[in-house]
Every structure is written in structure tokens, then in C-alpha cells.
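Dumped upload_8.txt below, it's compact mmCIF, C-alpha atoms and all ligand atoms:
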# COMPACT_ATOMS: atom_id res chain seq x y z
CA MET S 190 -39.36 9.77 -45.83
CA ILE S 191 -38.40 7.07 -48.29
CA SER S 192 -37.75 7.34 -52.02
CA GLY S 193 -38.27 4.93 -54.91
CA LYS S 194 -34.69 3.75 -54.33
CA ALA S 195 -35.30 2.81 -50.69
CA LYS S 196 -33.63 -0.38 -49.44
CA LEU S 197 -36.11 -2.92 -48.10
CA ALA S 198 -35.89 -5.35 -45.19
CA GLY S 199 -38.38 -6.91 -42.79
CA VAL S 200 -39.20 -9.73 -40.39
CA MET S 201 -40.93 -12.94 -41.51
CA GLY S 202 -42.81 -14.84 -38.83
CA TRP S 203 -46.21 -16.19 -37.81
CA PRO S 204 -47.53 -14.41 -35.90
CA VAL S 205 -45.35 -11.35 -36.16
CA GLN S 206 -47.36 -8.53 -34.62
CA HIS S 207 -45.55 -8.81 -31.26
CA SER S 208 -42.10 -8.45 -32.86
CA GLN S 209 -40.10 -5.44 -31.66
CA SER S 210 -37.87 -5.60 -34.76
CA PRO S 211 -39.79 -3.03 -36.90
CA ARG S 212 -39.67 -0.56 -34.00
CA LEU S 213 -35.98 -1.26 -33.42
CA HIS S 214 -34.85 -1.02 -37.06
CA GLY S 215 -37.19 1.92 -37.68
CA TYR S 216 -35.42 3.81 -34.88
CA TRP S 217 -32.02 3.22 -36.48
CA LEU S 218 -33.23 4.10 -40.00
CA ASP S 219 -34.48 7.40 -38.58
CA GLN S 220 -31.36 8.01 -36.49
CA TYR S 221 -28.97 7.50 -39.40
CA GLY S 222 -31.22 9.19 -42.00
CA ILE S 223 -31.19 6.09 -44.24
CA ASP S 224 -33.41 5.78 -47.31
CA GLY S 225 -34.90 2.44 -46.31
CA ALA S 226 -37.82 0.60 -44.71
CA TYR S 227 -38.18 -2.38 -42.38
CA VAL S 228 -41.61 -3.98 -42.36
CA PRO S 229 -43.47 -6.83 -40.59
CA LEU S 230 -44.07 -9.78 -42.95
CA PRO S 231 -46.68 -12.13 -41.45
CA VAL S 232 -46.32 -15.40 -43.38
CA ARG S 233 -48.17 -18.63 -42.55
CA PRO S 234 -45.98 -21.77 -42.38
CA GLU S 235 -47.66 -23.28 -45.45
CA ASP S 236 -46.85 -20.13 -47.47
CA PHE S 237 -43.32 -19.67 -46.22
CA GLU S 238 -41.32 -21.21 -49.05
CA GLY S 239 -43.15 -19.23 -51.76
CA ALA S 240 -42.90 -15.96 -49.86
CA PHE S 241 -39.23 -16.53 -49.02
CA ARG S 242 -38.27 -17.32 -52.61
CA ALA S 243 -40.11 -14.18 -53.77
CA LEU S 244 -37.95 -11.82 -51.68
CA PRO S 245 -35.20 -11.31 -54.32
CA LEU S 246 -37.88 -10.70 -56.98
CA LEU S 247 -39.41 -8.01 -54.77
CA GLY S 248 -36.05 -6.28 -54.37
CA PHE S 249 -35.48 -6.99 -50.68
CA SER S 250 -31.97 -6.55 -49.27
CA GLY S 251 -32.75 -9.17 -46.64
CA VAL S 252 -34.95 -10.20 -43.75
CA ASN S 253 -35.00 -11.41 -40.20
CA ILE S 254 -36.58 -14.81 -39.67
CA THR S 255 -38.48 -15.56 -36.50
CA VAL S 256 -40.70 -18.31 -35.05
CA PRO S 257 -41.71 -20.72 -36.58
CA HIS S 258 -39.57 -20.37 -39.73
CA LYS S 259 -35.98 -20.44 -38.42
CA GLN S 260 -35.24 -24.08 -39.36
CA THR S 261 -37.20 -24.08 -42.65
CA ALA S 262 -35.35 -20.97 -43.82
CA LEU S 263 -32.03 -22.67 -43.11
CA GLU S 264 -32.92 -25.37 -45.65
CA LEU S 265 -33.89 -22.83 -48.33
CA VAL S 266 -30.88 -20.48 -48.37
CA ASP S 267 -28.20 -20.77 -51.07
CA ILE S 268 -25.28 -20.12 -48.70
CA LEU S 269 -25.10 -20.88 -44.98
CA ASP S 270 -22.77 -19.15 -42.56
CA PRO S 271 -20.73 -21.74 -40.57
CA MET S 272 -22.02 -20.49 -37.19
CA ALA S 273 -25.64 -20.78 -38.42
CA ARG S 274 -24.91 -24.32 -39.59
CA GLN S 275 -23.61 -25.22 -36.15
CA ILE S 276 -26.58 -23.63 -34.37
CA GLY S 277 -29.02 -25.28 -36.78
CA ALA S 278 -31.24 -22.23 -37.35
CA ILE S 279 -31.03 -18.84 -39.03
CA ASN S 280 -32.47 -15.50 -37.95
CA THR S 281 -30.93 -13.19 -40.58
CA VAL S 282 -30.89 -13.45 -44.38
CA VAL S 283 -28.91 -11.27 -46.75
CA ILE S 284 -29.86 -11.10 -50.44
CA SER S 285 -27.05 -10.30 -52.87
CA ASP S 286 -27.47 -8.30 -56.08
CA ASP S 287 -27.60 -11.53 -58.09
CA GLY S 288 -30.44 -12.85 -55.90
CA ASN S 289 -28.49 -15.33 -53.75
CA LEU S 290 -29.77 -15.81 -50.19
CA THR S 291 -27.21 -16.17 -47.39
CA GLY S 292 -28.35 -17.31 -43.93
CA TYR S 293 -26.79 -16.18 -40.64
CA ASN S 294 -27.55 -16.67 -36.99
CA THR S 295 -26.72 -13.50 -35.04
CA ASP S 296 -28.12 -14.60 -31.64
CA GLY S 297 -24.70 -15.73 -30.42
CA PHE S 298 -23.12 -12.42 -31.47
CA GLY S 299 -25.92 -10.55 -29.68
CA PHE S 300 -25.50 -12.66 -26.57
CA LEU S 301 -21.72 -12.09 -26.32
CA GLU S 302 -21.95 -8.37 -27.16
CA ASN S 303 -24.55 -7.98 -24.43
CA LEU S 304 -22.22 -9.57 -21.86
CA ASN S 305 -19.25 -7.46 -23.04
CA ARG S 306 -21.21 -4.20 -22.87
CA GLY S 307 -23.19 -5.09 -19.73
CA CYS S 308 -20.14 -6.25 -17.78
CA PRO S 309 -16.98 -4.69 -19.27
CA GLY S 310 -13.92 -6.81 -18.57
CA PHE S 311 -15.87 -10.04 -18.22
CA ASP S 312 -13.66 -12.91 -19.38
CA PRO S 313 -15.57 -16.00 -20.62
CA GLU S 314 -12.33 -18.00 -20.49
CA ALA S 315 -11.87 -17.38 -16.76
CA GLY S 316 -13.92 -20.38 -15.61
CA PRO S 317 -16.86 -22.74 -16.12
CA ALA S 318 -20.07 -21.47 -17.73
CA VAL S 319 -23.47 -22.88 -16.74
CA VAL S 320 -26.31 -22.71 -19.28
CA LEU S 321 -29.83 -23.49 -18.07
CA GLY S 322 -31.90 -24.86 -20.96
CA ALA S 323 -31.31 -26.79 -24.16
CA GLY S 324 -33.75 -25.18 -26.62
CA GLY S 325 -33.06 -23.01 -29.66
CA ALA S 326 -31.65 -20.09 -27.67
CA ALA S 327 -29.43 -22.39 -25.59
CA ARG S 328 -27.94 -23.75 -28.80
CA ALA S 329 -26.87 -20.27 -29.95
CA VAL S 330 -25.60 -19.32 -26.47
CA ALA S 331 -23.65 -22.56 -26.05
CA CYS S 332 -22.05 -22.38 -29.52
CA SER S 333 -20.98 -18.77 -28.98
CA LEU S 334 -19.50 -19.53 -25.55
CA ILE S 335 -17.42 -22.39 -26.97
CA ALA S 336 -16.30 -20.08 -29.81
CA ALA S 337 -15.36 -17.47 -27.15
CA GLY S 338 -13.02 -19.97 -25.49
CA VAL S 339 -15.03 -21.40 -22.58
CA SER S 340 -13.24 -24.58 -21.56
CA ASP S 341 -15.95 -26.09 -19.30
CA LEU S 342 -19.56 -25.63 -20.44
CA ARG S 343 -22.22 -27.17 -18.22
CA LEU S 344 -25.71 -27.69 -19.63
CA VAL S 345 -28.63 -28.07 -17.19
CA ASN S 346 -32.02 -29.00 -18.63
CA ARG S 347 -35.33 -30.49 -17.50
CA THR S 348 -35.31 -32.98 -20.38
CA ARG S 349 -31.99 -34.76 -20.16
CA ASP S 350 -32.18 -36.22 -23.70
CA ARG S 351 -32.45 -32.77 -25.23
CA ALA S 352 -29.36 -31.55 -23.36
CA ASP S 353 -27.47 -34.72 -24.33
CA ALA S 354 -28.40 -34.13 -27.98
CA LEU S 355 -27.24 -30.52 -27.81
CA ALA S 356 -23.97 -31.50 -26.09
CA GLY S 357 -23.40 -34.19 -28.72
CA SER S 358 -23.85 -31.75 -31.58
CA ILE S 359 -21.38 -29.18 -30.27
CA GLN S 360 -17.70 -29.77 -30.77
CA GLY S 361 -16.24 -28.75 -27.46
CA PRO S 362 -15.93 -29.35 -23.72
CA VAL S 363 -19.64 -29.68 -22.84
CA SER S 364 -21.11 -31.72 -19.97
CA VAL S 365 -24.74 -32.30 -18.98
CA TYR S 366 -26.33 -32.05 -15.53
CA ASP S 367 -29.86 -32.89 -14.37
CA PHE S 368 -31.92 -30.05 -12.92
CA SER S 369 -31.78 -31.88 -9.56
CA ASP S 370 -27.98 -31.61 -9.77
CA THR S 371 -27.84 -27.84 -10.38
CA ASP S 372 -25.75 -27.28 -7.21
CA HIS S 373 -22.89 -29.32 -8.67
CA ALA S 374 -23.12 -27.48 -11.99
CA LEU S 375 -22.94 -24.08 -10.21
CA ASP S 376 -19.93 -25.04 -8.11
CA GLY S 377 -16.98 -22.83 -9.15
CA ALA S 378 -18.84 -21.27 -12.08
CA ASN S 379 -17.72 -18.01 -13.71
CA LEU S 380 -21.02 -17.45 -15.57
CA LEU S 381 -24.67 -18.50 -15.21
CA VAL S 382 -27.10 -17.96 -18.10
CA ASN S 383 -30.80 -18.75 -18.04
CA THR S 384 -32.02 -19.65 -21.53
CA THR S 385 -35.19 -21.45 -20.40
CA SER S 386 -38.54 -19.72 -20.65
CA LEU S 387 -38.91 -20.04 -16.87
CA GLY S 388 -39.37 -16.63 -15.24
CA MET S 389 -40.85 -15.13 -18.40
CA GLU S 390 -44.24 -13.40 -18.15
CA GLY S 391 -46.96 -16.04 -18.37
CA HIS S 392 -44.54 -18.89 -17.63
CA PRO S 393 -43.73 -20.70 -14.35
CA PRO S 394 -41.01 -19.14 -12.14
CA LEU S 395 -37.41 -20.31 -12.18
CA THR S 396 -36.83 -21.83 -8.76
CA ILE S 397 -33.19 -22.80 -8.36
CA SER S 398 -30.95 -22.16 -5.39
CA LEU S 399 -27.91 -20.00 -6.08
CA ASP S 400 -26.17 -21.03 -2.82
CA ALA S 401 -23.44 -22.95 -4.68
CA LEU S 402 -22.71 -20.13 -7.15
CA PRO S 403 -19.57 -18.05 -6.42
CA VAL S 404 -20.44 -14.36 -5.79
CA GLN S 405 -17.82 -13.42 -8.41
CA ALA S 406 -19.86 -15.14 -11.14
CA LEU S 407 -21.73 -13.09 -13.71
CA VAL S 408 -25.45 -13.89 -14.02
CA ASN S 409 -27.38 -13.28 -17.25
CA ASP S 410 -31.03 -14.00 -17.97
CA ILE S 411 -31.90 -13.92 -21.68
CA VAL S 412 -35.58 -13.61 -20.72
CA TYR S 413 -36.34 -9.88 -21.06
CA ALA S 414 -40.04 -9.75 -20.19
CA PRO S 415 -39.91 -8.87 -17.35
CA LEU S 416 -36.62 -7.04 -17.70
CA ARG S 417 -35.55 -7.67 -14.12
CA THR S 418 -36.36 -11.33 -13.59
CA ASP S 419 -36.45 -12.98 -10.17
CA LEU S 420 -33.17 -14.72 -11.07
CA LEU S 421 -31.44 -11.36 -11.62
CA LYS S 422 -32.93 -9.87 -8.44
CA THR S 423 -31.82 -12.85 -6.33
CA ALA S 424 -28.35 -12.87 -7.89
CA GLU S 425 -27.86 -9.13 -7.40
CA ALA S 426 -29.04 -9.31 -3.78
CA ARG S 427 -26.29 -11.86 -2.98
CA GLY S 428 -23.60 -9.77 -4.69
CA ASN S 429 -23.33 -11.19 -8.21
CA SER S 430 -22.97 -8.89 -11.22
CA VAL S 431 -26.00 -9.22 -13.47
CA VAL S 432 -26.87 -8.46 -17.12
CA ASP S 433 -30.46 -8.46 -18.40
CA GLY S 434 -31.64 -10.03 -21.67
CA LEU S 435 -32.83 -6.99 -23.62
CA GLY S 436 -29.31 -6.21 -24.86
CA MET S 437 -29.08 -9.59 -26.59
CA LEU S 438 -32.18 -8.74 -28.63
CA LEU S 439 -30.80 -5.30 -29.54
CA HIS S 440 -27.23 -6.40 -30.33
CA GLN S 441 -28.27 -9.40 -32.48
CA ALA S 442 -30.14 -6.94 -34.72
CA ARG S 443 -27.05 -4.81 -35.40
CA ALA S 444 -25.39 -7.37 -37.68
CA GLY S 445 -28.38 -7.58 -40.05
CA PHE S 446 -28.87 -3.82 -40.14
CA GLU S 447 -25.26 -3.33 -41.20
CA LYS S 448 -25.50 -5.91 -43.98
CA TRP S 449 -28.75 -4.47 -45.40
CA PHE S 450 -28.31 -0.74 -44.86
CA GLY S 451 -24.52 -0.29 -44.71
CA VAL S 452 -24.18 1.23 -41.24
CA MET S 453 -23.25 -0.63 -38.04
CA PRO S 454 -25.74 0.90 -35.58
CA ASP S 455 -25.25 1.60 -31.86
CA VAL S 456 -27.19 0.31 -28.89
CA THR S 457 -27.85 3.31 -26.64
CA ASP S 458 -29.87 3.94 -23.50
CA ASP S 459 -32.31 5.90 -25.65
CA LEU S 460 -32.82 2.90 -27.96
CA ARG S 461 -33.39 0.63 -24.97
CA ALA S 462 -36.01 3.03 -23.62
CA HIS S 463 -37.64 3.25 -27.08
CA VAL S 464 -37.92 -0.55 -27.39
CA LEU S 465 -39.08 -0.97 -23.78
CA LYS S 466 -41.82 1.57 -24.44
CA GLY S 467 -42.96 -0.56 -27.40
CA MET S 468 -43.13 -3.54 -25.05
CA GLY S 469 -45.35 -1.54 -22.72
CA GLY S 470 -42.55 -1.13 -20.16
N1 LIG Q 501 -32.90 -12.01 -25.29
C1 LIG Q 501 -33.04 -12.52 -26.51
O1 LIG Q 501 -32.65 -11.92 -27.52
C2 LIG Q 501 -33.66 -13.89 -26.67
C3 LIG Q 501 -33.42 -14.63 -27.84
C4 LIG Q 501 -34.01 -15.89 -27.97
C5 LIG Q 501 -34.81 -16.39 -26.94
N2 LIG Q 501 -35.03 -15.62 -25.82
C6 LIG Q 501 -35.85 -16.16 -24.73
O2 LIG Q 501 -35.31 -17.40 -24.32
C7 LIG Q 501 -36.34 -18.28 -23.85
C8 LIG Q 501 -36.19 -19.64 -24.52
O3 LIG Q 501 -36.36 -19.50 -25.93
P1 LIG Q 501 -36.11 -20.77 -26.90
O4 LIG Q 501 -36.36 -20.28 -28.26
O5 LIG Q 501 -34.83 -21.45 -26.59
O6 LIG Q 501 -37.33 -21.75 -26.45
P2 LIG Q 501 -37.40 -23.34 -26.61
O7 LIG Q 501 -36.59 -23.80 -27.76
O8 LIG Q 501 -38.85 -23.66 -26.56
O9 LIG Q 501 -36.70 -23.92 -25.25
C9 LIG Q 501 -37.31 -23.72 -24.00
C10 LIG Q 501 -36.38 -24.18 -22.88
O10 LIG Q 501 -37.05 -23.91 -21.63
C11 LIG Q 501 -37.17 -25.13 -20.89
N3 LIG Q 501 -38.43 -25.15 -20.16
C12 LIG Q 501 -39.63 -24.72 -20.59
N4 LIG Q 501 -40.58 -24.91 -19.64
C13 LIG Q 501 -39.94 -25.48 -18.59
C14 LIG Q 501 -40.36 -25.91 -17.30
N5 LIG Q 501 -41.65 -25.81 -16.90
N6 LIG Q 501 -39.44 -26.44 -16.46
C15 LIG Q 501 -38.13 -26.55 -16.84
N7 LIG Q 501 -37.68 -26.16 -18.05
C16 LIG Q 501 -38.57 -25.63 -18.92
C17 LIG Q 501 -37.15 -26.22 -21.94
O11 LIG Q 501 -36.78 -27.43 -21.32
P3 LIG Q 501 -37.19 -28.85 -21.99
O12 LIG Q 501 -36.15 -29.15 -23.03
O13 LIG Q 501 -37.17 -29.77 -20.84
O14 LIG Q 501 -38.57 -28.67 -22.58
C18 LIG Q 501 -36.08 -25.67 -22.89
O15 LIG Q 501 -34.79 -25.90 -22.38
C19 LIG Q 501 -37.65 -17.55 -24.15
O16 LIG Q 501 -38.09 -16.95 -22.96
C20 LIG Q 501 -37.27 -16.49 -25.17
O17 LIG Q 501 -38.08 -15.34 -25.09
C21 LIG Q 501 -34.46 -14.41 -25.66
Spell out the structure here as C-alpha cells.
Amino acid sequence: MISGKAKLAGVMGWPVQHSQSPRLHGYWLDQYGIDGAYVPLPVRPEDFEGAFRALPLLGFSGVNITVPHKQTALELVDILDPMARQIGAINTVVISDDGNLTGYNTDGFGFLENLNRGCPGFDPEAGPAVVLGAGGAARAVACSLIAAGVSDLRLVNRTRDRADALAGSIQGPVSVYDFSDTDHALDGANLLVNTTSLGMEGHPPLTISLDALPVQALVNDIVYAPLRTDLLKTAEARGNSVVDGLGMLLHQARAGFEKWFGVMPDVTDDLRAHVLKGMGG
């Protein structure tokens, strides 16, 4: 039950009906007995600026921003968190009492938290990290790994120019490998992360050989539909520790929830099951 004083948040995207965020935040609002609501906000690209600027007038505490508005929103906020600036996109906006909009990107936080929780004791500084992909998610993953102290980050992408551009925009020890050269990138690696859409439902499979990857390396797929991707199955079968991608989605949401509703929520097995059920899993 919500009162007239309920705090408001939501997710702006187009389309937005497949977003798990209302289900996720709704679970936490219920769990912590918070007087608040989190709603889907389907906004067409041509209407985005008007709708975004109206949020303070409507009394919102903040919103999540999803496809296709993440870059546009970055240009419209009053204050930009340094990590969001580096990543070049925002997914979380906080509205202050005086109506100022601050943009954050919490994907990197969610990614690292997921590794920490999924593989306690994992040390990102212990060796090279290989990131497959150079899209929006790769940008957040790569920036967070550099911030976590990785001293040898290897980007592997189908389109070389895109990986070169990403490497050039990150201040840190980043090198680029062609997909045909994946074996060299995997040699001696401590971590392998798939950030491409390969292996996702409705997309082509990810077909790389893991022969050159040390069995001590941690393997993470940020694709979470399906939850157990072929990459994770293959890696686990040869003895690697694996972490699935659902935790990144859940952990990235915690930072926004705390800023809007004042409680840092937990990611539990029950929450995972609740969100998976919403995905039809
Ligand atoms: N777990 C989470 O919380 C989370 C968060 C964000 C994203 N994701 C998932 O991460 C994936 C990527 O998202 P994104 O936003 O980064 O997408 P994006 O910006 O469109 O980037 C897609 C990436 O996949 C590569 N790719 C696509 N098709 C390919 C193919 N046929 N062969 C080789 N490479 C291919 C692209 O390579 P090119 O540069 O060569 O096109 C690019 O590196 C999606 O599956 C998304 O659901 C998960």
C-alpha cells in the first residue's frame, strides 16, 4: 500500500515492457515495507527530452534509463558522475530536492559485485582480464576492471575499429585482439568475460575455443537469457569457476534503490528466483 507521500521512481525506455526492473524494485519495496512505487515509463525517443525534464515537476526521486535513451540522458543531466562520464552512458538518475538531475552508471558496480559474490576471493589484480565485445556493456565492464586494478586488459571484438576506439577512450593498460587471435588473448588470463550478445536467446552462438584459457581463470557471461549459456557450460566442464550474468542486473539496481528509497537492498536467492520467474524461467 502506498500513501500520498510515497516516493516515486521508474524506468524510462522504448520499449520498456520487457524490463525486469519494476518486478525487481517492487520486490524490494515490499520486502522493506517502503512507502514508494517503481513504475514502467515507456517514452518514445522523440518525446524523451520533454518527459525527462518533467520528472522533477512530477515529484520523482529518480529513474533508471534503458535502451535507447542512455546516451541522450547523459547530455541532459545537470551533474554527471565521473564513472558515468568515462563510460559515456547513464542508467541511473537521482533527482535532488531542488530539482537537479545527477546521472550515474551502475553497470560497472553491478558487474564487480556479481563477481565478488559469485566467486568470493576472486582477485581482479591477479592477472590479465579478457573482455569479449566492445559495445555499451563492454565499456562499463572494461572501465570497472581498470578501476579495480587490472593491469592487463585484453579486448577482443569482431569489429576491430570499435575495440580500438574503446581502448583509446580508456585511460589504462588496454590492448586489442582480433577475434581470430582469441587464443593469444586467453593465454595466461585470470578472467574471461563475454559482453557480446552472442549466446543470447535469438542470437548466434558464441563459438570460441577455450583451450588456451588456464583452468584457474574465472569465466563470466553477462548474457543472462539463457542463464546457463554454452560458454559457462563449456568452461565449467573443463574446470573453470563460472559466474552467470543475472547477478550483474540485480546488483546494478541496488545503487539506485538506495539513493531513491534510502535502503541498500540485498540480492538473495529468493530475489533471483522471483526475477527468473518474471523472465519465464
Ligand atoms: N547482465 C547484465 O546486467 C547486462 C547489462 C548490459 C548488457 N547485458 C547483455 O550484454 C550483451 C551486449 O549488450 P550491449 O548493450 O553491449 O550491446 P551492443 O552495444 O549492441 O554490443 C554488442 C556486442 O556484441 C558483438 N556482436 C554482436 N553480434 C555479433 C556477431 N554476430 N559476431 C561477433 N560479435 C557480435 C558486437 O560486436 P561488433 O562491435 O563487431 O558489432 C558488440 O561487441 C547483451 O546480450 C545484453 O543483454 C547484460
With only C-alpha atoms as the counted atoms, please give the residues lying no more than 10 Å from Thr348 in chain S, apart from itself and same-chain residues fewer than 4 positions off, as number ranges by chain. S: 322-323, 352-353, 367-368
With all atoms listed in the file as the counted atoms, please give the residues lying no more than 10 Å from Gly307 in chain S, apart from itself and same-chain residues fewer than 2 positions off, as a PDB file with C-alpha atoms, in the coordinates of the input.
ATOM      1  CA  LEU S 301     -21.720 -12.090 -26.320  1.00  0.00           C
ATOM      2  CA  GLU S 302     -21.950  -8.370 -27.160  1.00  0.00           C
ATOM      3  CA  ASN S 303     -24.550  -7.980 -24.430  1.00  0.00           C
ATOM      4  CA  LEU S 304     -22.220  -9.570 -21.860  1.00  0.00           C
ATOM      5  CA  ASN S 305     -19.250  -7.460 -23.040  1.00  0.00           C
ATOM      6  CA  PRO S 309     -16.980  -4.690 -19.270  1.00  0.00           C
ATOM      7  CA  GLY S 310     -13.920  -6.810 -18.570  1.00  0.00           C
ATOM      8  CA  PHE S 311     -15.870 -10.040 -18.220  1.00  0.00           C
ATOM      9  CA  ASN S 409     -27.380 -13.280 -17.250  1.00  0.00           C
ATOM     10  CA  SER S 430     -22.970  -8.890 -11.220  1.00  0.00           C
ATOM     11  CA  VAL S 431     -26.000  -9.220 -13.470  1.00  0.00           C
ATOM     12  CA  VAL S 432     -26.870  -8.460 -17.120  1.00  0.00           C
ATOM     13  CA  ASP S 433     -30.460  -8.460 -18.400  1.00  0.00           C
ATOM     14  CA  GLY S 434     -31.640 -10.030 -21.670  1.00  0.00           C
ATOM     15  CA  GLY S 436     -29.310  -6.210 -24.860  1.00  0.00           C
TER      16      GLY S 436
END
Counting only C-alpha atoms and all ligand atoms, which residue out of S:Ala337, S:Ala462, S:Ile279, S:Val256 sits closest to ligand LIG 501 (chain Q)?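 Distance minimum relative to ligand LIG 501 (chain Q) lands on S:Val256.
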Would you mind telling me which residue in S:Ala444, S:Leu399, S:Val330, S:Val456 lies nearest to ligand LIG 501 (chain Q) when using all atoms listed in the file?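 Among the listed residues, S:Val330 lies closest to ligand LIG 501 (chain Q).
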Using all atoms listed in the file, which protein or nucleic acid residues are at most 9 Å from ligand LIG 501 (chain Q), as a VMD selection string? chain S and resid 256 296 299 to 300 321 to 329 345 to 352 368 383 to 390 392 to 395 410 to 414 433 to 441
Quick one: residues within 12 Å of Gly215 in chain S, all atoms listed in the file counted, chain neighbours fewer than 6 positions away excluded, as a list in words?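 In the requested format, the answer is Met190, Ile191, Leu197, Ala198, Gly199, Gln209, Tyr221, Gly222, Ile223, Asp224, Gly225, Ala226, Tyr227, Val228, Pro229, Ala442, Phe446, Phe450, Pro454, Leu460, His463 and Val464 of chain S.
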Applying 12 Å and all atoms listed in the file, which residues near Ala243 in chain S remain after dropping the ones on its own chain fewer than 2 positions away? List them as a ChimeraX atom specification. /S:236-241,245-249,251-252,265,284,288-290
Between S:Val283, S:Ile276, S:Ala401, S:Val382, single out the one closest to Val319 in chain S, counting only C-alpha atoms. S:Val382
Tell me which of S:Gly377, S:Arg306, S:Gly445, S:Asp459 sits closest to Val200 in chain S, counting only C-alpha atoms.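 That would be S:Gly445, the residue with the smallest distance to Val200 in chain S.
For the atom pair formed by CA of Gly202 in chain S and CA of Asp287 in chain S, the distance is 24.8 Å, given to one decimal.
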From the coordinates I just gave you, please extract range 238-288 of chain S so that only C-alpha atoms remain, then output it as a CSV table (one decimal), in the first residue's frame.
chain,number,residue,atom,x,y,z
S,238,GLU,CA,13.7,15.2,-23.5
S,239,GLY,CA,10.3,16.6,-22.6
S,240,ALA,CA,9.4,13.6,-20.4
S,241,PHE,CA,12.9,13.6,-18.8
S,242,ARG,CA,12.7,17.3,-17.9
S,243,ALA,CA,9.2,16.8,-16.4
S,244,LEU,CA,10.4,14.2,-13.8
S,245,PRO,CA,11.3,16.8,-11.1
S,246,LEU,CA,8.0,18.6,-11.7
S,247,LEU,CA,6.2,15.3,-11.2
S,248,GLY,CA,8.0,14.7,-7.9
S,249,PHE,CA,10.1,11.7,-8.9
S,250,SER,CA,13.1,10.8,-6.7
S,251,GLY,CA,14.8,9.4,-9.8
S,252,VAL,CA,14.7,6.9,-12.6
S,253,ASN,CA,16.6,4.1,-14.4
S,254,ILE,CA,17.3,4.8,-18.1
S,255,THR,CA,17.4,2.0,-20.6
S,256,VAL,CA,17.7,1.5,-24.3
S,257,PRO,CA,17.6,3.7,-26.4
S,258,HIS,CA,18.0,6.7,-24.1
S,259,LYS,CA,21.2,6.1,-22.2
S,260,GLN,CA,23.4,8.5,-24.2
S,261,THR,CA,20.7,11.2,-24.6
S,262,ALA,CA,20.1,11.2,-20.9
S,263,LEU,CA,23.8,11.8,-20.3
S,264,GLU,CA,23.6,15.0,-22.2
S,265,LEU,CA,20.5,16.3,-20.3
S,266,VAL,CA,21.6,15.8,-16.7
S,267,ASP,CA,22.9,18.7,-14.6
S,268,ILE,CA,25.6,16.7,-12.8
S,269,LEU,CA,27.5,13.7,-14.2
S,270,ASP,CA,29.2,11.1,-12.0
S,271,PRO,CA,32.9,10.7,-13.1
S,272,MET,CA,32.4,6.9,-13.8
S,273,ALA,CA,29.4,7.6,-16.0
S,274,ARG,CA,31.4,10.2,-17.9
S,275,GLN,CA,34.1,7.7,-18.6
S,276,ILE,CA,31.6,5.0,-19.7
S,277,GLY,CA,29.7,7.5,-21.8
S,278,ALA,CA,26.2,6.5,-20.8
S,279,ILE,CA,24.0,6.7,-17.8
S,280,ASN,CA,21.5,4.1,-16.4
S,281,THR,CA,20.5,5.8,-13.1
S,282,VAL,CA,19.3,9.3,-12.4
S,283,VAL,CA,18.8,10.8,-9.0
S,284,ILE,CA,16.7,14.0,-8.5
S,285,SER,CA,17.6,16.2,-5.6
S,286,ASP,CA,15.0,18.3,-3.6
S,287,ASP,CA,15.9,21.4,-5.6
S,288,GLY,CA,15.2,19.5,-8.9
